[in-house]
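Novice: File input-v7.pdb below, PDB, C-alpha atoms:
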ATOM      1  CA  MET S   1      19.297   7.869  -3.912  1.00  0.00           C
ATOM      2  CA  THR S   2      16.322   9.236  -5.784  1.00  0.00           C
ATOM      3  CA  LEU S   3      14.083  12.207  -5.116  1.00  0.00           C
ATOM      4  CA  ARG S   4      11.314  10.765  -7.295  1.00  0.00           C
ATOM      5  CA  ASN S   5       8.505  10.922  -4.726  1.00  0.00           C
ATOM      6  CA  VAL S   6       9.487  13.851  -2.525  1.00  0.00           C
ATOM      7  CA  PRO S   7       7.255  16.421  -4.311  1.00  0.00           C
ATOM      8  CA  LEU S   8       4.474  13.826  -4.691  1.00  0.00           C
ATOM      9  CA  LYS S   9       4.217  13.281  -0.928  1.00  0.00           C
ATOM     10  CA  TRP S  10       2.880  16.791  -0.427  1.00  0.00           C
ATOM     11  CA  SER S  11       1.050  17.214  -3.723  1.00  0.00           C
ATOM     12  CA  SER S  12      -2.645  17.706  -4.399  1.00  0.00           C
ATOM     13  CA  THR S  13      -2.508  14.522  -6.520  1.00  0.00           C
ATOM     14  CA  HIS S  14      -1.499  12.476  -3.481  1.00  0.00           C
ATOM     15  CA  ARG S  15      -4.137  14.123  -1.270  1.00  0.00           C
ATOM     16  CA  THR S  16      -6.803  13.378  -3.901  1.00  0.00           C
ATOM     17  CA  ARG S  17      -5.668   9.753  -4.008  1.00  0.00           C
ATOM     18  CA  LEU S  18      -5.929   9.492  -0.212  1.00  0.00           C
ATOM     19  CA  GLU S  19      -9.459  10.928  -0.292  1.00  0.00           C
ATOM     20  CA  LYS S  20     -10.500   8.429  -2.973  1.00  0.00           C
ATOM     21  CA  ALA S  21      -8.880   5.556  -1.078  1.00  0.00           C
ATOM     22  CA  ALA S  22     -10.613   6.539   2.158  1.00  0.00           C
ATOM     23  CA  GLY S  23     -13.992   6.266   0.423  1.00  0.00           C
ATOM     24  CA  VAL S  24     -13.475   2.719  -0.843  1.00  0.00           C
ATOM     25  CA  ALA S  25     -15.760   0.266   0.949  1.00  0.00           C
ATOM     26  CA  LYS S  26     -13.510  -2.764   0.425  1.00  0.00           C
ATOM     27  CA  VAL S  27     -10.569  -3.765  -1.726  1.00  0.00           C
ATOM     28  CA  ASP S  28      -8.510  -6.941  -1.748  1.00  0.00           C
ATOM     29  CA  LEU S  29      -4.726  -6.863  -1.779  1.00  0.00           C
ATOM     30  CA  LEU S  30      -3.079 -10.018  -3.156  1.00  0.00           C
ATOM     31  CA  CYS S  31       0.535 -10.588  -2.183  1.00  0.00           C
ATOM     32  CA  THR S  32       2.824 -13.120  -0.537  1.00  0.00           C
ATOM     33  CA  ALA S  33       2.831 -13.636   3.221  1.00  0.00           C
ATOM     34  CA  LEU S  34       6.308 -12.090   3.450  1.00  0.00           C
ATOM     35  CA  THR S  35       5.240  -9.048   1.428  1.00  0.00           C
ATOM     36  CA  TRP S  36       2.193  -8.532   3.651  1.00  0.00           C
ATOM     37  CA  ARG S  37       4.338  -8.760   6.790  1.00  0.00           C
ATOM     38  CA  LEU S  38       6.609  -6.007   5.450  1.00  0.00           C
ATOM     39  CA  LEU S  39       3.701  -3.840   4.234  1.00  0.00           C
ATOM     40  CA  ARG S  40       1.786  -4.271   7.491  1.00  0.00           C
ATOM     41  CA  THR S  41       4.839  -3.203   9.493  1.00  0.00           C
ATOM     42  CA  GLN S  42       5.279  -0.102   7.313  1.00  0.00           C
ATOM     43  CA  ALA S  43       1.566   0.766   7.392  1.00  0.00           C
ATOM     44  CA  THR S  44       1.251   0.534  11.154  1.00  0.00           C
ATOM     45  CA  TYR S  45       1.643   4.000  12.588  1.00  0.00           C
ATOM     46  CA  ARG S  46       1.791   4.369  16.339  1.00  0.00           C
ATOM     47  CA  TYR S  47      -0.352   7.512  16.439  1.00  0.00           C
ATOM     48  CA  SER S  48      -3.118   6.047  14.286  1.00  0.00           C
ATOM     49  CA  SER S  49      -6.243   4.219  15.392  1.00  0.00           C
ATOM     50  CA  VAL S  50      -6.415   2.315  12.068  1.00  0.00           C
ATOM     51  CA  LYS S  51      -5.725  -1.383  12.602  1.00  0.00           C
ATOM     52  CA  PHE S  52      -4.649  -3.855   9.921  1.00  0.00           C
ATOM     53  CA  PRO S  53      -5.362  -7.555   9.454  1.00  0.00           C
ATOM     54  CA  GLY S  54      -2.746  -9.729  11.148  1.00  0.00           C
ATOM     55  CA  ASP S  55       0.056 -11.695   9.619  1.00  0.00           C
ATOM     56  CA  ALA S  56      -0.486 -15.077   7.979  1.00  0.00           C
ATOM     57  CA  LYS S  57      -1.363 -18.070  10.133  1.00  0.00           C
ATOM     58  CA  GLU S  58       1.414 -20.034  11.799  1.00  0.00           C
ATOM     59  CA  GLY S  59       2.996 -22.466   9.341  1.00  0.00           C
ATOM     60  CA  THR S  60       2.141 -20.440   6.229  1.00  0.00           C
ATOM     61  CA  SER S  61       4.978 -20.333   3.703  1.00  0.00           C
ATOM     62  CA  GLU S  62       6.430 -16.860   3.092  1.00  0.00           C
ATOM     63  CA  GLN S  63       5.815 -17.382  -0.648  1.00  0.00           C
ATOM     64  CA  GLU S  64       2.154 -18.337  -0.241  1.00  0.00           C
ATOM     65  CA  MET S  65      -0.258 -15.832  -1.765  1.00  0.00           C
ATOM     66  CA  LEU S  66      -2.661 -14.129   0.638  1.00  0.00           C
ATOM     67  CA  ARG S  67      -5.854 -12.178  -0.002  1.00  0.00           C
ATOM     68  CA  ILE S  68      -5.991  -9.275   2.451  1.00  0.00           C
ATOM     69  CA  SER S  69      -9.280  -7.348   2.597  1.00  0.00           C
ATOM     70  CA  LEU S  70      -8.802  -3.668   3.353  1.00  0.00           C
ATOM     71  CA  THR S  71     -11.307  -0.940   4.145  1.00  0.00           C
ATOM     72  CA  GLY S  72     -11.000   2.605   2.821  1.00  0.00           C
ATOM     73  CA  PRO S  73      -9.245   4.017   5.899  1.00  0.00           C
ATOM     74  CA  GLN S  74      -6.805   1.094   5.859  1.00  0.00           C
ATOM     75  CA  LEU S  75      -6.131   1.614   2.151  1.00  0.00           C
ATOM     76  CA  ALA S  76      -5.581   5.353   2.638  1.00  0.00           C
ATOM     77  CA  GLN S  77      -3.120   4.799   5.480  1.00  0.00           C
ATOM     78  CA  LEU S  78      -1.286   2.027   3.599  1.00  0.00           C
ATOM     79  CA  THR S  79      -1.030   4.285   0.536  1.00  0.00           C
ATOM     80  CA  ASP S  80       0.415   7.143   2.554  1.00  0.00           C
ATOM     81  CA  ARG S  81       2.823   5.002   4.560  1.00  0.00           C
ATOM     82  CA  VAL S  82       4.252   3.121   1.565  1.00  0.00           C
ATOM     83  CA  LEU S  83       4.814   6.439  -0.201  1.00  0.00           C
ATOM     84  CA  TRP S  84       6.582   7.660   2.920  1.00  0.00           C
ATOM     85  CA  GLY S  85       8.797   4.549   2.781  1.00  0.00           C
ATOM     86  CA  THR S  86       9.995   5.454  -0.728  1.00  0.00           C
ATOM     87  CA  LEU S  87      11.388   8.822   0.318  1.00  0.00           C
ATOM     88  CA  PRO S  88      15.195   9.102   0.406  1.00  0.00           C
ATOM     89  CA  MET S  89      15.316  10.647   3.881  1.00  0.00           C
ATOM     90  CA  VAL S  90      13.690   7.577   5.446  1.00  0.00           C
ATOM     91  CA  PRO S  91      16.403   5.189   6.686  1.00  0.00           C
ATOM     92  CA  LEU S  92      15.442   2.012   4.811  1.00  0.00           C
ATOM     93  CA  ASP S  93      17.439  -0.250   2.535  1.00  0.00           C
ATOM     94  CA  SER S  94      16.914  -0.243  -1.219  1.00  0.00           C
ATOM     95  CA  GLY S  95      14.953  -3.527  -1.138  1.00  0.00           C
ATOM     96  CA  HIS S  96      12.313  -2.093   1.188  1.00  0.00           C
ATOM     97  CA  ARG S  97      12.186   1.113  -0.839  1.00  0.00           C
ATOM     98  CA  ALA S  98      11.652  -0.884  -4.050  1.00  0.00           C
ATOM     99  CA  LEU S  99       8.827  -2.919  -2.468  1.00  0.00           C
ATOM    100  CA  TYR S 100       7.104   0.223  -1.218  1.00  0.00           C
ATOM    101  CA  GLN S 101       7.487   1.909  -4.620  1.00  0.00           C
ATOM    102  CA  ARG S 102       6.006  -1.106  -6.394  1.00  0.00           C
ATOM    103  CA  THR S 103       3.152  -1.245  -3.893  1.00  0.00           C
ATOM    104  CA  TYR S 104       2.455   2.482  -4.199  1.00  0.00           C
ATOM    105  CA  ASP S 105       2.370   2.201  -7.982  1.00  0.00           C
ATOM    106  CA  ALA S 106      -0.011  -0.788  -7.845  1.00  0.00           C
ATOM    107  CA  ILE S 107      -2.320   0.902  -5.329  1.00  0.00           C
ATOM    108  CA  THR S 108      -2.441   4.214  -7.173  1.00  0.00           C
ATOM    109  CA  SER S 109      -3.179   2.576 -10.519  1.00  0.00           C
ATOM    110  CA  VAL S 110      -6.314   1.123  -8.903  1.00  0.00           C
ATOM    111  CA  ILE S 111      -7.212   4.306  -6.996  1.00  0.00           C
ATOM    112  CA  ASP S 112      -6.736   6.506 -10.076  1.00  0.00           C
ATOM    113  CA  ALA S 113      -9.261   4.334 -11.946  1.00  0.00           C
ATOM    114  CA  VAL S 114     -11.955   4.909  -9.295  1.00  0.00           C
ATOM    115  CA  ASP S 115     -14.670   7.169 -10.685  1.00  0.00           C
ATOM    116  CA  LEU S 116     -16.211   9.217  -7.888  1.00  0.00           C
ATOM    117  CA  SER S 117     -19.110  10.267 -10.102  1.00  0.00           C
ATOM    118  CA  ALA S 118     -20.170   6.684 -10.896  1.00  0.00           C
ATOM    119  CA  VAL S 119     -23.548   5.877  -9.384  1.00  0.00           C
ATOM    120  CA  ASP S 120     -23.480   2.140 -10.048  1.00  0.00           C
ATOM    121  CA  GLY S 121     -21.004   1.392  -7.248  1.00  0.00           C
ATOM    122  CA  ALA S 122     -18.735  -0.827  -9.346  1.00  0.00           C
ATOM    123  CA  ALA S 123     -16.367  -3.007  -7.361  1.00  0.00           C
ATOM    124  CA  VAL S 124     -12.780  -1.835  -7.025  1.00  0.00           C
ATOM    125  CA  PRO S 125     -10.397  -4.301  -8.727  1.00  0.00           C
ATOM    126  CA  ASP S 126      -7.892  -6.258  -6.651  1.00  0.00           C
ATOM    127  CA  ILE S 127      -4.464  -4.778  -5.981  1.00  0.00           C
ATOM    128  CA  VAL S 128      -1.905  -7.403  -6.955  1.00  0.00           C
ATOM    129  CA  ILE S 129       1.727  -7.364  -5.849  1.00  0.00           C
ATOM    130  CA  ASP S 130       3.190 -10.343  -7.709  1.00  0.00           C
ATOM    131  CA  ALA S 131       6.173 -10.420 -10.056  1.00  0.00           C
ATOM    132  CA  ARG S 132       6.052 -14.112 -10.914  1.00  0.00           C
ATOM    133  CA  ILE S 133       6.306 -14.941 -14.602  1.00  0.00           C
ATOM    134  CA  GLY S 134       2.815 -15.474 -15.940  1.00  0.00           C
ATOM    135  CA  ALA S 135       1.161 -13.656 -13.023  1.00  0.00           C
ATOM    136  CA  GLU S 136      -1.610 -11.259 -13.919  1.00  0.00           C
TER     137      GLU S 136
END
Turn the structure described in the file into structure tokens.
Specialist:
Amino acid sequence: MTLRNVPLKWSSTHRTRLEKAAGVAKVDLLCTALTWRLLRTQATYRYSSVKFPGDAKEGTSEQEMLRISLTGPQLAQLTDRVLWGTLPMVPLDSGHRALYQRTYDAITSVIDAVDLSAVDGAAVPDIVIDARIGAE
């Protein structure tokens, strides 16, 4: 069990990341259908009004790559919920925890690169969750 993210959950760094994420107009998340199903389940919070795109269409392979478009509020909630899933007090198995850690790291690397002072409105790069050899 690791305590890696416990202080981060309540830090000003995490709050700043959530504020940046909430201001993003649109970002695409690229991952497998299975990964999205797990992330969507974790991101869905019963007291939230934020809704997420549905699972892949019937007949889609679990290994097929999907492009999921997220709005700022969706990205902020996903960021917070996957961080929550990495905490040791949350009763999840190590595989789920590893997926959520990898997702949090991928999301925050994109969010941290967002420049709030930029006036040109540059597009936010895709968030890619893919460990295949040769994947970018």
Novice: Measuring between only C-alpha atoms, which one of S:Asp115, S:Glu64, S:Asp126, S:Asp93 shows the shortest distance to S:Thr35?
Specialist: S:Glu64
Novice: Could you expand the PyMOL selection byres ((chain S and resi 95-99) around 9) into the explicit residues it covers here, written as a VMD selection string?
Specialist: chain S and resid 35 38 to 39 82 85 to 88 92 to 94 100 to 104
Novice: Check what the PyMOL selection byres ((chain S and resi 66-71) around 9) selects in the file above and give those residues as a list of chain:residue names.
Specialist: S:Ala21, S:Ala22, S:Gly23, S:Val24, S:Ala25, S:Lys26, S:Val27, S:Asp28, S:Leu29, S:Leu30, S:Cys31, S:Thr32, S:Ala33, S:Trp36, S:Phe52, S:Pro53, S:Ala56, S:Glu64, S:Met65, S:Gly72, S:Pro73, S:Gln74, S:Leu75, S:Ala76
Novice: In Å, rounded to a single decimal, give me how far atom CA of S:Val124 is from atom CA of S:Leu18.
Specialist: 14.9 Å
Novice: I'd like the box whose edges run along x, y and z of the file and which contains every listed atom of stretch 106-111 of chain S, padded by 8 Å per side; could you state its centre and edge lengths in Å, one decimal, as AutoDock Vina command-line options?
Specialist:
--center_x -3.6 --center_y 1.8 --center_z -7.9 --size_x 23.2 --size_y 21.1 --size_z 21.2
Novice: Quick one, how far is atom CA of S:Thr13 from atom CA of S:Val50?
Specialist: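 Computing the Euclidean distance for atom CA of S:Thr13 and atom CA of S:Val50 yields 22.6 Å.
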Novice: Atom CA of S:Arg17 and atom CA of S:Asp112 are how many Å apart?
Specialist: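 Distance reported for this atom pair: 7.0 Å.
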Novice: Just the residues within 10 Å of S:Val114, please, counting all atoms listed in the file, with nothing from its chain fewer than 2 positions along; format it as a list of chain:residue names.
Specialist: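 Surrounding residues, per the criterion: S:Arg17, S:Lys20, S:Ala21, S:Val24, S:Thr108, S:Ser109, S:Val110, S:Ile111, S:Asp112, S:Leu116, S:Ser117, S:Ala118, S:Gly121, S:Ala122, S:Ala123, S:Val124, S:Pro125.
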Novice: Between S:Lys51, S:Asp80, S:Met89, S:Asp130, single out the one closest to S:Thr16, counting all atoms listed in the file.
Specialist: S:Asp80
Novice: Do a neighbour search on S:Arg46 at 12 Å with only C-alpha atoms, toss out local chain neighbours closer than 5 positions, and write the hits as a list in words.
Specialist: Thr41, Lys51, Gln77 and Arg81 of chain S
Novice: Ranking S:Leu34, S:Ala43, S:Leu78, S:Leu83 by minimum distance to S:Ser61 and counting only C-alpha atoms, which one comes first?
Specialist: S:Leu34
